[in-house]
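Here is the structure we will look at.
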Amino acid sequence: MNSAFQKRCGEFNHDWLKNQYLTALGSWLNLLDGRISDSALERSFVSEILPQWEGARVQAESLACDFEINMSPRTLLNTPPLSRLDDPTKEWLGETIHQLWMRRVRVSEIVSAVLREIDGADQAYGRLRQALCTCSNTESGEAMRSLRSEFSEFRSCCQRVARAFELFPGEVRAA
Amino acid sequence: MRLPRILIIDDLFGRTLVGRRNEERARLCGQYLLKDVTGDEEGRSSLTINSPVAEVVFLRGQKPSRSVIGDVVENDPDGILQTVRSGDWSMVLLDLCFYTGRVTEESDRKTAGVPKGRDGDDDPRRYFGLQVLELLHREFPDLPVVILSSKSRNEVSLEFSSKGALGFLPRGDEGSPEALGEYILKHGLIPDESDEIIGNSKPILLSLRAARLAARNRKNVLLLGERGTGKELFARYIGRHRPVATSEFVIVNSAELTPELFASALFGIEDRTATGVKKRIGLIEEANGGDLFFDEVKDMPPLIQAAILRAIEQREIARQGSEDRKIQVDVRFLSATNADLERMSEEGSFRSDLLDRLRDGGTIYLPPLRERKEDIPLLVEKFVRDAESHLAGALVRQIEPAALQKLCTYDWPGNIRELRGCVFRAVSEYPDVEHLVPVHVHLPNERMSQSSVPLRPAIAKVEPKRELAEGSGDLDGLIERIEGFQFDPNNRGDLVGKLTKVRRAYAGLLSRYLATALSATSKSTPDNPEGEIQITAAIKLMRGDKTVTTSQAFDEVKRLLKESPELDPLLERAYRYVLSLRPTKPKSSGKKQ
């Protein structure tokens with residue numbers, strides 16, 4: 001089990017994306033709809049919260065690409081008792097179980113799906129940023145109400161990213 | 001309207017930060033439209049919710065609740081249980097993963113006050129939230145607990161279900177105020193938003209929840225409860241919570257229909273020119289697309305039971321006189337009774353197959369008032385205001401705690417209806433006061449004891465007049481109980497030597513009935529400001545017949561008191577007075593006594 005990778009995954013998908021970013025986006029949409037008022041959120045959303053995606057996107061892509069190496073059952077050969085096997089055995093056995101796992105778990109498909117969703121969110125983010133350039137006051141919910149559909153689209157894309165990350169198996173399994 | 005009160009147990013949103021607000025919490029409240037009433041934060045919130053879904057108290061579930069770099073954070077199951085015990089929660093939203101351990105510079109930088117986390121904190125098999133769920137379900141089995149987590153539902157679906165959670169709200173994903181509102185409506189312990197069914201006690205909230213759940217489909221529902229518990233109000237409540245709004249709500253009171261009228265009233269009649277019978281739509285057809293409330297369903301005659309069964313099974317009926325022409329109907333039957341239908345079906349007086357159909361959408365038990373006395377203050381407040389508005393010129397009054405205390409000492413066998421009658425009497429007897437005090441409240445046991453205190457000759461200690469309509473419910477219930485009472489032939493021991501006792505009880509009841517009628521009809525005169533008994537008026541009242549003559553009334557008094565074991569001073573006086581003026585044997589009332 002690679003707890004460091006899982007921890008990174010958890011920090012990205014649960015601690016940041018779901019618990020912080022998506023809740024902020026949900027709150028922001030309610031603000032645009034006039035269901036809440038929050039001057040602190042109005043001031044900080046576009047300038048501080050929204051751009052967090054840019055750093056997070058890099059992190060998300062890196063997690064998707066690292067998944068195969070870190071969650072393959074081949075990693076079990078690095079810890080006892082399998083680590084006590086001789087190197088040539090580890091080599092063929094490792095490759096065999098890795099290939100079997102790749103097929104059974106459809107790793108490439110999952111990774112592609114995650115990367116596709118990240119890309120989709122990034123494109124939606126780009127469109128949103130472009131639309132924001134036309135906005136005279138980005139510290140006013142009222143002024144940005146016309147961009148609700150762009151914000152909503154970006155949120156939906158982020159939700160899909162979160163769901164795509166759930167496709168990753170939660171632990172390293174030999175079988 | 002009071003908002004549902006929710007407890008959220010969550011390490012991230014529940015933590016308190018030093019010198020600043022918990023922004024994650026504010027975002028969560030903004031997302032779900034929650035009004036934070038925790039009151040643990042410094043500074044003023046910039047967040048205002050226009051129409052909150054609920055009031056919410058946040059709890060970290062860990063010690064310390066306010067942590068800084070260097071602190072070691074540990075889970076606190078005892079503190080959680082203590083908080084849950086201390087409040088009336090409509091629902092608990094519970095997180096799964098709680099991070100423990102030391103708050104380091106690095107962990108604090110990522111999320112202020114949150115510790116680094118120990119191995120196993122995020123292991124689905126060891127989630128602290130699941131342990132809490134188990135503890136809560138053990139101590140508060142009726143408390144609705146829903147998981148609110150950013151973790152994957154699939155990882156824990158079996159565990160959270162088996163440990164008693166009612167559902168799972170994914171946080172951040174599809175989380176919306178509407179989804180939360182739907183959960184609260186479905187699972188929450190919340191009062192009737194229309195204030196027609198008054199009460200915040202757990203028994204009534206559980207019944208309301210059962211009613212809302214039953215309302216979600218079109219299946220038939222059986223309402224069981226003692227008289228006066230509000231069965232019709234509950235039926236209407238179910239009607240209001242049906243998924244598709246329809247206005248049809250038709251009431252059938254089985255007790256008011258004769259067996260002959262039952263069929264035509266329910267199924268309707270087709271035109272019969274030969275006999276001159278006009279076409280009439282039946283109640284079932286009238287309720288098509290909506291609900292038919294069948295009150296006192298136990299009184300349904302056997303033939304009608306069979307016809308109703310067919311109507312439920314085949315979803316079609318035929319009007320009388322047109323049996324070949326079937327009419328499709330979509331009606332939900334909401335039936336109510338205070339009888340033991342299960343027993344009646346075992347004894348063969350109620351069809352068991354019909355009973356099963358009438359409760360295929362569930363059985364809802366309506367708690368008697370004695371099991372929810374904490375609702376008495378709210379009910380009294382409502383009834384006092386109603387009474388003040390009904391009674392022209394009545395002053396608005398403050399309800400004194402001592403009066404409430406007195407009302408809470410009684411068990412209210414007639415339930416809400418009886419309490420309402422009592423409160424209405426208190427207001428109508430004392431319209432010109434600004435306080436409702438114990439002396440205004442007359443409890444039945446108190447009336448009985450009053451009738452046994454010595455009274456001055458010719459003057460009764462008169463209770464002020466009561467509104468007959470309000471008080472009649474008590475007596476109706478008594479009659480119902482007496483009429484429905486079944487002697488058990490298998491319990492011979494119980495039958496031995498009771499004849500005298502039954503006679504005495506019956507005679508005592510009649511004499512108390514007379515005493516109360518005498519009090520209710522007494523009149524104040526300059527000589528007797530406390531009231532003078534009016535025998536003829538009392539008998540007129542008891543018979544409901546204004547044509548009763550004085551001699552008939554006197555004879556009635558003699559008959560009523562003939563077997564009374566002992567007379568209180570009021571009745572003694574009335575009896576002596578009657579005998580002095582009409583010493584002859586009473587004429588027969590025309591009915592077997």
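Residue numbers start at 1 in each chain; chains themselves are named A, B, ... in the order of the structure tokens; ligands are numbered from 1 in the order shown.
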
Neighbours of stretch 143-155 of chain A within 12 Å (only C-alpha atoms; same-chain residues fewer than 4 positions away dropped), as JSON, numbers by chain?
{"A": [17, 18, 21, 22, 23, 24, 25, 26, 27, 28, 29, 30, 31, 32, 33, 34, 42, 45, 46, 50, 53, 117, 118, 119, 120, 121, 122, 123, 124, 125, 126, 127, 128, 129, 130, 131, 132, 133, 134, 135, 136, 137, 138, 139, 159, 160, 161, 162], "B": [172, 173, 174, 175]}

Select, as a PyMOL selection string, those residues of chain B with any atom no more than 7 Å from chain A (distances computed using only C-alpha atoms).
chain B and resi 24+27-28+30-31+46-50+150-152+171-173

Given the selection you just returned, output its residues as a file containing C-alpha atoms, formatted as a tab-separated table (two decimals), in the first residue's frame.
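What landed in selection.tsv:
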chain	number	residue	atom	x	y	z
B	24	GLU	CA	-14.84	26.47	5.29
B	27	ARG	CA	-18.84	28.25	2.61
B	28	LEU	CA	-20.69	25.10	3.67
B	30	GLY	CA	-23.57	29.30	2.05
B	31	GLN	CA	-23.81	26.21	-0.10
B	46	SER	CA	-20.35	38.52	6.68
B	47	LEU	CA	-22.73	35.77	5.60
B	48	THR	CA	-26.50	36.27	5.53
B	49	ILE	CA	-28.84	33.50	4.42
B	50	ASN	CA	-32.09	34.83	2.99
B	150	SER	CA	-16.67	13.99	0.93
B	151	LYS	CA	-15.57	10.36	1.06
B	152	SER	CA	-16.87	7.78	-1.34
B	171	ARG	CA	-20.41	16.82	0.34
B	172	GLY	CA	-19.21	19.16	-2.35
B	173	ASP	CA	-20.38	16.90	-5.13

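Taking the backbone of this structure through DSSP, the residues of stretch 329-523 of chain B that come out as strand (DSSP E) are Arg332, Phe333, Leu334, Ser335, Ala336, Thr337, Thr363, Ile364, Tyr365, Gln398, Ile399, His435 and Leu436 of chain B.
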
Selection near B:Gly393, 12 Å with only C-alpha atoms, sequence-local residues under 5 positions removed, as a list in words:
Ala387, Glu388, Val427, Ser428, Tyr430, Pro431, Asp432 and Val433 of chain B

Include N, CA and C atoms and write out the residues we just selected as a PDB file, in the first residue's frame.
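Output saved as part-v9.pdb:
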ATOM      1  N   ALA B 387     -59.520  30.574  21.450  1.00  0.00           N
ATOM      2  CA  ALA B 387     -60.711  30.862  22.248  1.00  0.00           C
ATOM      3  C   ALA B 387     -60.918  32.368  22.369  1.00  0.00           C
ATOM      4  N   GLU B 388     -59.830  33.098  22.589  1.00  0.00           N
ATOM      5  CA  GLU B 388     -59.944  34.560  22.707  1.00  0.00           C
ATOM      6  C   GLU B 388     -60.502  35.163  21.416  1.00  0.00           C
ATOM      7  N   VAL B 427     -61.519  30.107  29.139  1.00  0.00           N
ATOM      8  CA  VAL B 427     -61.568  31.452  28.550  1.00  0.00           C
ATOM      9  C   VAL B 427     -63.006  31.986  28.535  1.00  0.00           C
ATOM     10  N   SER B 428     -63.962  31.112  28.210  1.00  0.00           N
ATOM     11  CA  SER B 428     -65.337  31.620  28.111  1.00  0.00           C
ATOM     12  C   SER B 428     -65.913  31.939  29.489  1.00  0.00           C
ATOM     13  N   TYR B 430     -64.092  33.044  32.021  1.00  0.00           N
ATOM     14  CA  TYR B 430     -63.373  34.215  32.551  1.00  0.00           C
ATOM     15  C   TYR B 430     -62.905  35.081  31.387  1.00  0.00           C
ATOM     16  N   PRO B 431     -63.839  35.712  30.685  1.00  0.00           N
ATOM     17  CA  PRO B 431     -63.436  36.481  29.497  1.00  0.00           C
ATOM     18  C   PRO B 431     -62.709  37.778  29.830  1.00  0.00           C
ATOM     19  N   ASP B 432     -62.869  38.283  31.053  1.00  0.00           N
ATOM     20  CA  ASP B 432     -62.411  39.629  31.356  1.00  0.00           C
ATOM     21  C   ASP B 432     -61.160  39.660  32.230  1.00  0.00           C
ATOM     22  N   VAL B 433     -60.315  38.669  32.079  1.00  0.00           N
ATOM     23  CA  VAL B 433     -59.091  38.642  32.881  1.00  0.00           C
ATOM     24  C   VAL B 433     -57.874  38.620  31.954  1.00  0.00           C
TER      25      VAL B 433
END

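Residues with any atom within 12 Å of A:Gln99, counting only C-alpha atoms and excluding same-chain neighbours fewer than 4 positions away, are Glu68, Ile69, Ser72, Pro73, Arg74, Trp92, Leu93, Gly94, Glu95, Arg103, Arg104, Val105, Arg106, Val107, Ser108, Ala174 and Ala175 of chain A.
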
In Å, rounded to a single decimal, give me how far atom CA of B:Arg44 is from atom CA of B:Trp89.
25.3 Å

So that I can check the surroundings of stretch 256-264 of chain B, please list as a PDB file with N, CA and C atoms, in the first residue's frame every protein, DNA and RNA residue that reaches within 10 Å of it, counting only C-alpha atoms and ignoring chain neighbours fewer than 6 positions away.
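What landed in result30.pdb:
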ATOM      1  N   GLU B 270     -77.063   5.686  -9.778  1.00  0.00           N
ATOM      2  CA  GLU B 270     -77.337   6.065 -11.164  1.00  0.00           C
ATOM      3  C   GLU B 270     -78.798   6.511 -11.262  1.00  0.00           C
ATOM      4  N   ARG B 280     -76.430  10.379  -8.287  1.00  0.00           N
ATOM      5  CA  ARG B 280     -75.579  11.024  -7.279  1.00  0.00           C
ATOM      6  C   ARG B 280     -74.188  10.400  -7.319  1.00  0.00           C
ATOM      7  N   ILE B 281     -73.204  11.262  -7.351  1.00  0.00           N
ATOM      8  CA  ILE B 281     -71.814  10.773  -7.374  1.00  0.00           C
ATOM      9  C   ILE B 281     -71.454  10.307  -5.967  1.00  0.00           C
ATOM     10  N   GLY B 282     -70.799   9.161  -5.864  1.00  0.00           N
ATOM     11  CA  GLY B 282     -70.407   8.645  -4.555  1.00  0.00           C
ATOM     12  C   GLY B 282     -69.120   9.288  -4.057  1.00  0.00           C
ATOM     13  N   LEU B 283     -68.842   9.066  -2.774  1.00  0.00           N
ATOM     14  CA  LEU B 283     -67.674   9.706  -2.158  1.00  0.00           C
ATOM     15  C   LEU B 283     -66.365   9.191  -2.750  1.00  0.00           C
ATOM     16  N   ASP B 295     -63.090   7.645   8.442  1.00  0.00           N
ATOM     17  CA  ASP B 295     -63.022   7.721   9.899  1.00  0.00           C
ATOM     18  C   ASP B 295     -63.857   6.590  10.494  1.00  0.00           C
ATOM     19  N   GLU B 296     -63.431   6.135  11.658  1.00  0.00           N
ATOM     20  CA  GLU B 296     -64.144   5.052  12.349  1.00  0.00           C
ATOM     21  C   GLU B 296     -64.364   3.865  11.410  1.00  0.00           C
ATOM     22  N   ASP B 299     -66.469   0.634  11.957  1.00  0.00           N
ATOM     23  CA  ASP B 299     -67.927   0.559  11.859  1.00  0.00           C
ATOM     24  C   ASP B 299     -68.439   0.186  10.469  1.00  0.00           C
ATOM     25  N   MET B 300     -67.523  -0.132   9.569  1.00  0.00           N
ATOM     26  CA  MET B 300     -67.937  -0.453   8.204  1.00  0.00           C
ATOM     27  C   MET B 300     -68.678  -1.790   8.166  1.00  0.00           C
ATOM     28  N   PRO B 301     -69.897  -1.824   7.625  1.00  0.00           N
ATOM     29  CA  PRO B 301     -70.631  -3.089   7.595  1.00  0.00           C
ATOM     30  C   PRO B 301     -69.923  -4.126   6.712  1.00  0.00           C
ATOM     31  N   PRO B 302     -70.132  -5.426   7.000  1.00  0.00           N
ATOM     32  CA  PRO B 302     -69.412  -6.486   6.265  1.00  0.00           C
ATOM     33  C   PRO B 302     -69.590  -6.415   4.751  1.00  0.00           C
ATOM     34  N   LEU B 303     -70.795  -6.110   4.289  1.00  0.00           N
ATOM     35  CA  LEU B 303     -71.013  -6.062   2.840  1.00  0.00           C
ATOM     36  C   LEU B 303     -70.190  -4.950   2.193  1.00  0.00           C
ATOM     37  N   ILE B 304     -70.119  -3.843   2.912  1.00  0.00           N
ATOM     38  CA  ILE B 304     -69.340  -2.714   2.392  1.00  0.00           C
ATOM     39  C   ILE B 304     -67.852  -3.047   2.422  1.00  0.00           C
ATOM     40  N   ALA B 307     -67.101  -4.758  -0.686  1.00  0.00           N
ATOM     41  CA  ALA B 307     -67.151  -3.858  -1.844  1.00  0.00           C
ATOM     42  C   ALA B 307     -65.923  -2.948  -1.892  1.00  0.00           C
ATOM     43  N   ILE B 308     -65.505  -2.486  -0.715  1.00  0.00           N
ATOM     44  CA  ILE B 308     -64.316  -1.623  -0.659  1.00  0.00           C
ATOM     45  C   ILE B 308     -63.077  -2.414  -1.087  1.00  0.00           C
ATOM     46  N   ARG B 319     -71.721   2.489  -9.791  1.00  0.00           N
ATOM     47  CA  ARG B 319     -72.780   3.171  -9.037  1.00  0.00           C
ATOM     48  C   ARG B 319     -73.938   2.202  -8.823  1.00  0.00           C
ATOM     49  N   GLN B 320     -74.684   2.404  -7.778  1.00  0.00           N
ATOM     50  CA  GLN B 320     -75.865   1.577  -7.549  1.00  0.00           C
ATOM     51  C   GLN B 320     -76.854   1.793  -8.688  1.00  0.00           C
ATOM     52  N   GLY B 321     -77.388   0.692  -9.177  1.00  0.00           N
ATOM     53  CA  GLY B 321     -78.335   0.802 -10.277  1.00  0.00           C
ATOM     54  C   GLY B 321     -77.658   0.747 -11.627  1.00  0.00           C
TER      55      GLY B 321
END

So which residues of chain A fall under alpha helix (DSSP H) by DSSP, listed as number ranges by chain?
A: 3-10, 23-32, 39-44, 52-71, 87-105, 107-133, 141-144, 148-165

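Proximity of B:Asn491, B:Asn217, B:Ser335, B:Thr500 to B:Arg357, computed with only C-alpha atoms, is greatest for B:Ser335.
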
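In this comparison, which uses only C-alpha atoms, the residue of A:Cys9, A:Cys157, A:Ala4, A:Met102 approaching A:Ala60 most closely is A:Cys9.
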
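With only C-alpha atoms as the basis for measurement, B:Gly290 is the residue among B:Gly348, B:Gly290, B:Gly361, B:Pro191 that approaches B:Arg236 most closely.
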
Correct to one decimal, the distance atom CA of B:Arg125-atom CA of B:Cys97 is 10.5 Å

For A:Ile110, the nearest of the candidates A:Asp86, A:Asn70, A:Phe168, A:Phe12, counting only C-alpha atoms
A:Phe168

Between A:Ser83, A:Ser62, A:Gln52, A:Asn78, which is the closest to A:Leu115 once you count only C-alpha atoms?
A:Ser62
